[in-house]
$ cat coords.cif   # mmCIF, C-alpha atoms and all ligand atoms
data_coords
loop_
_atom_site.label_atom_id
_atom_site.label_comp_id
_atom_site.auth_asym_id
_atom_site.auth_seq_id
_atom_site.Cartn_x
_atom_site.Cartn_y
_atom_site.Cartn_z
CA MET A 17 -49.69 -174.71 47.56
CA PRO A 18 -53.00 -172.94 48.11
CA ASP A 19 -53.91 -172.69 44.49
CA SER A 20 -57.01 -174.83 44.56
CA GLN A 21 -59.19 -171.72 44.51
CA ASP A 22 -57.11 -169.99 41.92
CA SER A 23 -57.36 -172.79 39.45
CA GLU A 24 -61.11 -172.53 39.43
CA GLU A 25 -62.10 -171.44 35.97
CA LEU A 26 -65.38 -169.77 35.40
CA MET A 27 -67.28 -168.74 32.37
CA TYR A 28 -69.59 -165.78 32.59
CA VAL A 29 -72.73 -165.62 30.59
CA LYS A 30 -74.02 -162.16 29.90
CA CYS A 31 -77.12 -160.98 28.14
CA ALA A 32 -76.02 -159.36 24.91
CA TYR A 33 -79.06 -157.08 24.98
CA CYS A 34 -79.41 -155.62 28.45
CA GLY A 35 -76.04 -156.63 29.86
CA GLN A 36 -77.51 -158.54 32.73
CA TRP A 37 -75.42 -161.37 34.07
CA LEU A 38 -77.25 -164.56 33.44
CA ASP A 39 -75.04 -167.35 34.59
CA VAL A 40 -71.65 -168.32 35.85
CA LYS A 41 -70.51 -171.78 35.15
CA PRO A 42 -67.30 -173.73 35.06
CA GLY A 43 -65.45 -173.06 31.88
CA LYS A 44 -62.59 -171.13 30.42
CA MET A 45 -61.27 -168.46 32.69
CA ASN A 46 -62.24 -164.93 31.82
CA LEU A 47 -64.39 -166.03 28.98
CA ILE A 48 -67.58 -164.09 28.61
CA SER A 49 -70.24 -165.82 26.67
CA HIS A 50 -73.09 -163.79 25.31
CA ALA A 51 -76.59 -165.05 25.43
CA ILE A 52 -80.03 -163.53 25.63
CA CYS A 53 -82.14 -163.42 28.75
CA PRO A 54 -85.82 -164.42 28.65
CA ASP A 55 -86.90 -160.80 29.02
CA CYS A 56 -84.93 -159.59 26.05
CA PHE A 57 -85.87 -162.62 24.07
CA GLU A 58 -89.51 -161.78 24.48
CA LYS A 59 -88.91 -158.14 23.64
CA GLU A 60 -87.00 -159.12 20.56
CA MET A 61 -89.80 -161.37 19.44
CA GLN A 62 -92.35 -158.64 19.99
CA GLU A 63 -90.31 -156.14 18.06
CA ARG A 64 -90.13 -158.54 15.19
CA ASN A 65 -93.87 -158.81 15.22
CA ASP A 66 -94.18 -155.04 15.34
CA LYS A 67 -91.94 -154.65 12.36
CA LYS A 68 -94.29 -156.67 10.28
CA PRO A 69 -95.42 -154.45 7.44
CA THR A 70 -98.92 -153.49 8.36
CA SER A 71 -101.08 -151.23 6.27
CA HIS A 72 -101.98 -148.51 8.70
CA ASP A 73 -105.23 -146.91 7.84
CA LYS A 74 -105.67 -143.31 8.77
CA GLY A 75 -108.89 -144.27 10.34
CA ASP A 76 -111.19 -142.05 8.34
CA ASP A 77 -114.48 -143.76 7.94
CA THR A 78 -116.14 -143.11 4.66
ZN ZN B 101 -81.47 -159.13 28.62
#
$ encode --input "coords.cif" --output "structure tokens" --more "lines below"
Ligand SMILES: [Zn+2]
Amino acid sequence: MPDSQDSEELMYVKCAYCGQWLDVKPGKMNLISHAICPDCFEKEMQERNDKKPTSHDKGDDT
């Protein structure tokens, strides 16, 4: 019975932000786990910083 390869169960880890495949590891077959890659993690953190309410001056010196 050549089903040793077939019984190999893999879990795919995908970045929920950019869709990049991050990892494949033994796990439940056909299960896709969503994670965040370092790139998107950094972007996300930067965006959070950007969204900080800052009082933007119009820059007119008086
Ligand atoms: Zn990503």
$ atom_distance --input "coords.cif" --atom1 "atom CA of Ala32 of chain A" --atom2 "atom CA of Asp66 of chain A"
21.0 Å
$ residues_near_ligand --input "coords.cif" --ligand "ligand ZN 101 (chain B)" --cutoff "6 Å" --atoms "all atoms listed in the file" --output "list in words"
Cys31, Tyr33, Cys34, Gln36, Ile52, Cys53, Asp55 and Cys56 of chain A
$ axis_aligned_box --input "coords.cif" --around "segment 47-56 of chain A" --padding-each-side "6 Å" --output "AutoDock Vina command-line options"
--center_x -75.6 --center_y -162.8 --center_z 27.2 --size_x 34.5 --size_y 18.4 --size_z 15.7
$ residues_around --input "coords.cif" --residues "Asp39 of chain A" --least-positions-apart "2" --cutoff "7 Å" --atoms "all atoms listed in the file" --output "PDB file with C-alpha atoms, keeping the file's coordinate frame"
ATOM      1  CA  TYR A  28     -69.590-165.780  32.590  1.00  0.00           C
ATOM      2  CA  VAL A  29     -72.730-165.620  30.590  1.00  0.00           C
ATOM      3  CA  TRP A  37     -75.420-161.370  34.070  1.00  0.00           C
ATOM      4  CA  LYS A  41     -70.510-171.780  35.150  1.00  0.00           C
TER       5      LYS A  41
END
$ closest_residue --input "coords.cif" --among "A:Leu38, A:Asp73, A:Leu26, A:Thr78" --to "Pro54 of chain A" --atoms "all atoms listed in the file"
A:Leu38
$ atom_distance --input "coords.cif" --atom1 "atom CA of Gln62 of chain A" --atom2 "atom CA of Gly35 of chain A"
19.2 Å
$ residues_around --input "coords.cif" --residues "Glu24 of chain A" --least-positions-apart "6" --cutoff "9 Å" --atoms "only C-alpha atoms" --output "list in words"
Pro42, Gly43 and Met45 of chain A
$ atom_distance --input "coords.cif" --atom1 "atom CA of Ser49 of chain A" --atom2 "atom CA of Arg64 of chain A"
24.1 Å
